[in-house]
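Structure file model_2.tsv with TSV, C-alpha atoms:
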```
chain	number	residue	atom	x	y	z
K	208	MET	CA	149.29	107.18	136.72
K	209	LYS	CA	145.94	108.02	138.29
K	210	LYS	CA	145.31	110.73	135.64
K	211	LEU	CA	146.16	108.29	132.86
K	212	PHE	CA	143.74	105.73	134.27
K	213	LEU	CA	140.94	108.31	134.56
K	214	SER	CA	141.63	109.52	131.02
K	215	LEU	CA	141.38	105.97	129.70
K	216	VAL	CA	138.12	105.36	131.56
K	217	LEU	CA	136.66	108.61	130.22
K	218	PHE	CA	137.82	107.82	126.67
K	219	SER	CA	136.34	104.31	126.87
K	220	THR	CA	133.04	105.67	128.15
K	221	VAL	CA	132.84	108.15	125.29
K	222	LEU	CA	133.60	105.42	122.76
K	223	LEU	CA	131.04	103.04	124.19
K	224	SER	CA	128.30	105.63	124.48
K	225	GLY	CA	128.95	106.73	120.92
K	226	ALA	CA	128.72	103.17	119.65
K	227	GLN	CA	125.42	102.63	121.40
K	228	LYS	CA	123.96	105.74	119.83
K	229	HIS	CA	125.10	105.13	116.25
K	230	TYR	CA	121.92	103.74	114.75
K	231	ALA	CA	119.31	104.58	112.14
K	232	LEU	CA	115.58	104.09	112.51
K	233	LEU	CA	114.02	102.40	109.50
K	234	VAL	CA	110.28	103.13	109.18
K	235	ILE	CA	108.79	100.66	106.72
K	236	ASP	CA	105.54	101.18	104.79
K	237	ILE	CA	103.46	103.05	107.37
K	238	GLN	CA	101.26	104.20	104.53
K	239	ASN	CA	97.64	105.28	104.23
K	240	PHE	CA	96.46	102.15	102.40
K	241	TYR	CA	96.99	100.16	105.62
K	242	PHE	CA	94.74	102.41	107.73
K	243	PRO	CA	90.93	102.40	108.14
K	244	GLY	CA	89.32	103.03	104.78
K	245	GLY	CA	92.47	102.02	102.87
K	246	ARG	CA	92.50	99.21	100.35
K	247	SER	CA	94.62	96.90	102.57
K	248	GLU	CA	93.51	97.62	106.14
K	249	LEU	CA	95.57	96.07	108.90
K	250	VAL	CA	94.58	95.24	112.47
K	251	GLU	CA	95.35	98.19	114.80
K	252	PRO	CA	97.55	100.23	112.44
K	253	VAL	CA	96.95	103.45	114.40
K	254	LYS	CA	98.24	101.92	117.62
K	255	ALA	CA	101.41	100.70	115.85
K	256	ALA	CA	101.93	104.05	114.12
K	257	GLU	CA	101.63	105.91	117.42
K	258	LYS	CA	104.37	103.69	118.87
K	259	ALA	CA	106.50	104.26	115.77
K	260	ALA	CA	106.00	108.01	116.23
K	261	GLU	CA	107.47	107.73	119.75
K	262	ALA	CA	110.55	106.02	118.30
K	263	ILE	CA	110.83	108.70	115.61
K	264	VAL	CA	110.73	111.51	118.17
K	265	GLN	CA	113.48	109.82	120.23
K	266	THR	CA	115.64	109.16	117.19
K	267	ARG	CA	115.41	112.75	116.02
K	268	ALA	CA	116.17	114.02	119.54
K	269	ALA	CA	119.33	111.87	119.57
K	270	ASN	CA	120.35	113.31	116.17
K	271	ASN	CA	120.25	109.89	114.55
K	272	PRO	CA	118.80	109.37	111.07
K	273	VAL	CA	115.20	108.39	110.42
K	274	ILE	CA	114.78	106.67	107.07
K	275	TYR	CA	111.44	105.91	105.46
K	276	VAL	CA	110.46	103.22	103.00
K	277	GLN	CA	107.29	103.33	100.92
K	278	HIS	CA	105.81	100.57	98.82
K	279	LYS	CA	104.87	101.85	95.38
K	280	SER	CA	101.11	101.93	94.93
K	281	ALA	CA	98.53	103.62	92.72
K	282	ALA	CA	96.44	104.70	95.73
K	283	GLY	CA	97.12	105.37	99.42
K	284	MET	CA	100.89	105.41	98.97
K	285	GLU	CA	101.39	108.48	101.18
K	286	ILE	CA	103.17	108.05	104.48
K	287	ASN	CA	100.57	108.34	107.23
K	288	ASP	CA	100.38	111.69	109.04
K	289	LEU	CA	101.18	110.05	112.40
K	290	VAL	CA	104.75	109.40	111.24
K	291	LYS	CA	105.36	111.99	108.50
K	292	PRO	CA	109.00	112.59	107.59
K	293	VAL	CA	110.52	116.02	107.95
K	294	GLN	CA	112.04	117.67	104.91
K	295	TRP	CA	115.57	116.24	105.18
K	296	GLU	CA	114.55	112.63	105.95
K	297	PRO	CA	114.77	110.38	102.91
K	298	ALA	CA	112.01	108.08	101.69
K	299	PHE	CA	112.99	105.15	99.48
K	300	ILE	CA	110.35	103.79	97.10
K	301	LYS	CA	110.28	100.03	96.66
K	302	GLU	CA	108.45	97.60	94.42
K	303	GLU	CA	109.66	94.45	96.16
K	304	VAL	CA	109.00	93.07	99.65
K	305	ASN	CA	112.67	93.53	100.59
K	306	CYS	CA	113.37	97.26	100.98
K	307	PHE	CA	117.05	96.78	100.13
K	308	LEU	CA	116.35	95.58	96.58
K	309	ASN	CA	116.68	98.22	93.85
K	310	THR	CA	116.05	101.20	96.12
K	311	GLY	CA	119.40	102.80	96.92
K	312	LEU	CA	118.84	102.16	100.63
K	313	THR	CA	121.96	100.01	100.99
K	314	GLU	CA	124.17	102.70	99.49
K	315	HIS	CA	122.55	105.39	101.64
K	316	LEU	CA	123.18	103.40	104.83
K	317	LYS	CA	126.84	103.01	103.88
K	318	THR	CA	127.21	106.80	103.71
K	319	LEU	CA	125.81	107.06	107.25
K	320	SER	CA	128.25	104.51	108.69
K	321	VAL	CA	125.61	103.11	111.03
K	322	ASP	CA	126.09	99.65	112.49
K	323	THR	CA	122.62	99.23	114.01
K	324	LEU	CA	119.19	99.39	112.41
K	325	VAL	CA	116.12	99.87	114.56
K	326	ILE	CA	113.12	98.73	112.52
K	327	CYS	CA	109.37	99.30	112.74
K	328	GLY	CA	106.52	99.30	110.27
K	329	MET	CA	103.96	97.37	108.30
K	330	GLN	CA	103.28	94.49	107.61
K	331	THR	CA	105.06	92.45	110.26
K	332	HIS	CA	104.95	89.20	108.30
K	333	MET	CA	106.00	90.69	104.96
K	334	CYS	CA	108.10	93.83	104.47
K	335	VAL	CA	109.18	94.16	108.10
K	336	GLU	CA	110.26	90.52	108.23
K	337	ALA	CA	112.13	90.82	104.93
K	338	ALA	CA	113.95	93.95	106.15
K	339	VAL	CA	114.98	92.35	109.43
K	340	ARG	CA	116.35	89.23	107.77
K	341	ALA	CA	118.15	91.16	105.03
K	342	ALA	CA	119.64	93.70	107.46
K	343	HIS	CA	120.93	90.86	109.65
K	344	ASP	CA	122.44	89.10	106.64
K	345	MET	CA	124.15	92.36	105.65
K	346	GLY	CA	125.88	92.48	109.05
K	347	TYR	CA	123.79	95.06	110.89
K	348	VAL	CA	122.83	94.74	114.51
K	349	VAL	CA	119.03	94.73	114.27
K	350	ILE	CA	116.48	95.84	116.85
K	351	LEU	CA	112.82	95.25	115.99
K	352	LEU	CA	110.23	97.35	117.83
K	353	HIS	CA	107.42	94.83	117.98
K	354	ASP	CA	104.64	97.13	119.17
K	355	ALA	CA	105.43	99.63	116.40
K	356	CYS	CA	104.44	97.04	113.78
K	357	ALA	CA	101.08	95.82	112.54
K	358	THR	CA	99.77	93.05	110.33
K	359	ARG	CA	96.53	91.40	109.17
K	360	ASN	CA	94.52	88.22	109.45
K	361	LEU	CA	95.71	85.62	106.95
K	362	ARG	CA	94.03	82.65	105.33
K	363	PHE	CA	95.66	79.38	104.35
K	364	GLY	CA	93.25	76.91	102.77
K	365	ASP	CA	90.18	76.83	104.97
K	366	ARG	CA	92.01	78.13	108.03
K	367	GLU	CA	92.04	81.77	109.12
K	368	VAL	CA	94.99	82.88	111.23
K	369	SER	CA	94.34	85.95	113.38
K	370	ALA	CA	96.59	89.00	113.05
K	371	VAL	CA	97.63	88.54	116.69
K	372	ASP	CA	98.91	85.05	115.89
K	373	VAL	CA	100.53	86.11	112.61
K	374	HIS	CA	102.33	88.91	114.47
K	375	ALA	CA	103.43	86.67	117.35
K	376	SER	CA	104.68	83.83	115.17
K	377	THR	CA	106.62	86.22	112.94
K	378	LEU	CA	108.22	87.89	115.96
K	379	ALA	CA	109.09	84.50	117.43
K	380	THR	CA	111.03	83.53	114.30
K	381	LEU	CA	112.69	86.93	114.00
K	382	ARG	CA	114.34	86.57	117.43
K	383	SER	CA	117.04	84.63	115.58
K	384	TYR	CA	117.79	87.75	113.50
K	385	ALA	CA	117.07	90.67	115.81
K	386	GLU	CA	116.53	91.79	119.34
K	387	VAL	CA	112.73	92.04	119.51
K	388	ILE	CA	111.61	94.56	122.13
K	389	SER	CA	108.90	97.11	122.83
K	390	VAL	CA	109.27	100.80	122.13
K	391	GLU	CA	109.04	101.46	125.87
K	392	ASP	CA	111.93	99.11	126.66
K	393	TRP	CA	114.02	100.55	123.86
K	394	LEU	CA	113.37	104.13	125.05
K	395	LYS	CA	114.53	103.21	128.58
K	396	ARG	CA	118.01	102.69	127.14
K	397	LYS	CA	118.25	106.18	125.75
```
Could you rewrite the structure in this file as structure tokens?
Amino acid sequence: MKKLFLSLVLFSTVLLSGAQKHYALLVIDIQNFYFPGGRSELVEPVKAAEKAAEAIVQTRAANNPVIYVQHKSAAGMEINDLVKPVQWEPAFIKEEVNCFLNTGLTEHLKTLSVDTLVICGMQTHMCVEAAVRAAHDMGYVVILLHDACATRNLRFGDREVSAVDVHASTLATLRSYAEVISVEDWLKRK
């Protein structure tokens, strides 16, 4: 009886640890046009990309998939060197804000059988937000790495909203769709 109990505990532990590790990292639009000198500079894109790079390293070390998304553009479309994919990592090209529309990403994720998407990228209030909401609606558990995202100052009428406030307000609303945590806190779980 004692052996049976220990076997069940061990089996349960293996199942639970496997479930916690079955995720994909979705790296959205960390492209050169968002960096200094690009046509659509964001506020602190290098800092966000460095945090995304930490998440990429961890994901690769855990043998989980890293998936890239690029927004189609005539200039600066390349994925930034700080987060470059390796040869076998796919990059899906999109023309819409939502990376799941007309890209093949949904079908690719189904082949991976992941249940959790960890998301980072650019811009927080646009493509990242759309991905988080869509992934949630598709039934994924979603984790958003807030410090591995960047955005810009916005203007509405005569009011300018700072990137810090755009980022914070977007993250505040996304807590209904995702667990919003730092890269450091996420890495502590690994």
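For Leu249 in chain K, the residues within 8 Å (counting only C-alpha atoms, excluding itself and residues fewer than 5 positions away along the chain) are Tyr241, Phe242, Pro243, Gln330, Ala357, Thr358, Arg359 and Asn360 of chain K.
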- Would you list the residues near (116.2, 102.0, 101.0) (no more than 10 Å away, in the coordinates of the file, using all atoms listed in the file) as JSON, numbers by chain? {"K": [233, 235, 274, 275, 276, 277, 297, 298, 299, 300, 301, 305, 306, 307, 308, 309, 310, 311, 312, 313, 314, 315, 316, 338]}
Put those residues in a file: C-alpha atoms, as a PDB file, in the frame of the given file.
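Everything below was put into result-v1.pdb:
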```
ATOM      1  CA  LEU K 233     114.020 102.400 109.500  1.00  0.00           C
ATOM      2  CA  ILE K 235     108.790 100.660 106.720  1.00  0.00           C
ATOM      3  CA  ILE K 274     114.780 106.670 107.070  1.00  0.00           C
ATOM      4  CA  TYR K 275     111.440 105.910 105.460  1.00  0.00           C
ATOM      5  CA  VAL K 276     110.460 103.220 103.000  1.00  0.00           C
ATOM      6  CA  GLN K 277     107.290 103.330 100.920  1.00  0.00           C
ATOM      7  CA  PRO K 297     114.770 110.380 102.910  1.00  0.00           C
ATOM      8  CA  ALA K 298     112.010 108.080 101.690  1.00  0.00           C
ATOM      9  CA  PHE K 299     112.990 105.150  99.480  1.00  0.00           C
ATOM     10  CA  ILE K 300     110.350 103.790  97.100  1.00  0.00           C
ATOM     11  CA  LYS K 301     110.280 100.030  96.660  1.00  0.00           C
ATOM     12  CA  ASN K 305     112.670  93.530 100.590  1.00  0.00           C
ATOM     13  CA  CYS K 306     113.370  97.260 100.980  1.00  0.00           C
ATOM     14  CA  PHE K 307     117.050  96.780 100.130  1.00  0.00           C
ATOM     15  CA  LEU K 308     116.350  95.580  96.580  1.00  0.00           C
ATOM     16  CA  ASN K 309     116.680  98.220  93.850  1.00  0.00           C
ATOM     17  CA  THR K 310     116.050 101.200  96.120  1.00  0.00           C
ATOM     18  CA  GLY K 311     119.400 102.800  96.920  1.00  0.00           C
ATOM     19  CA  LEU K 312     118.840 102.160 100.630  1.00  0.00           C
ATOM     20  CA  THR K 313     121.960 100.010 100.990  1.00  0.00           C
ATOM     21  CA  GLU K 314     124.170 102.700  99.490  1.00  0.00           C
ATOM     22  CA  HIS K 315     122.550 105.390 101.640  1.00  0.00           C
ATOM     23  CA  LEU K 316     123.180 103.400 104.830  1.00  0.00           C
ATOM     24  CA  ALA K 338     113.950  93.950 106.150  1.00  0.00           C
TER      25      ALA K 338
END
```
- Quick one: everything within 12 Å of Gln265 in chain K, counting all atoms listed in the file, minus sequence neighbours fewer than 4 positions away in the same chain. Send it as a PyMOL selection string. chain K and resi 228+230-232+258-261+269-273+325+390-391+393-397
- Could you tell me which of K:Leu289, K:Ala341, K:Val348, K:Ala282 comes closest to Glu257 in chain K if we count only C-alpha atoms? K:Leu289
- Tell me, as number ranges by chain, which residues lie within 12 Å of Cys356 in chain K, counting only C-alpha atoms; anything in the same chain fewer than 2 positions away does not count. K: 233-237, 241, 249-260, 262, 326-336, 351-354, 358-359, 370-371, 373-375, 377-378, 387-390
- Query: With all atoms listed in the file as the basis for distance, which of K:Pro292, K:Val304, K:Gly283, K:Asp365 is at the shortest distance from Arg267 in chain K?
  - Reply: K:Pro292
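A straight line drawn from CA of Ile350 in chain K to CA of Ser320 in chain K is 16.7 Å long.
One distance worth recording is that between CA of Leu361 in chain K and CA of Arg246 in chain K, which is 15.4 Å.
Coordinates place CA of Asn287 in chain K at a distance of 24.8 Å from CA of Thr323 in chain K.
Between Lys317 in chain K and the candidates K:Met284, K:Val264, K:Val290, K:Met345, the tightest atom-to-atom separation, counting all atoms listed in the file, involves K:Met345.
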- Given all atoms listed in the file as the counted atoms, nearest of K:Gly364, K:Leu381, K:Ser369, K:Ser376 to Ala342 in chain K: K:Leu381
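Remark: for Ser280 in chain K, the closest of the candidate residues K:Leu319, K:Glu386, K:Trp295, K:Glu303 is K:Glu303 (distances computed over all atoms listed in the file).
Minimum distance to Asp288 in chain K across K:Thr266, K:Ser383, K:Ser247, K:Asn239 (counting only C-alpha atoms) occurs at K:Asn239.
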Around all listed atoms of range 248-255 of chain K, padded 8 Å per side, what centre and edge lengths does the axis-aligned box have in Å to one decimal, as lines of an AutoDock Vina configuration file?
```
center_x = 97.5
center_y = 99.3
center_z = 111.9
size_x = 23.9
size_y = 24.2
size_z = 27.5
```
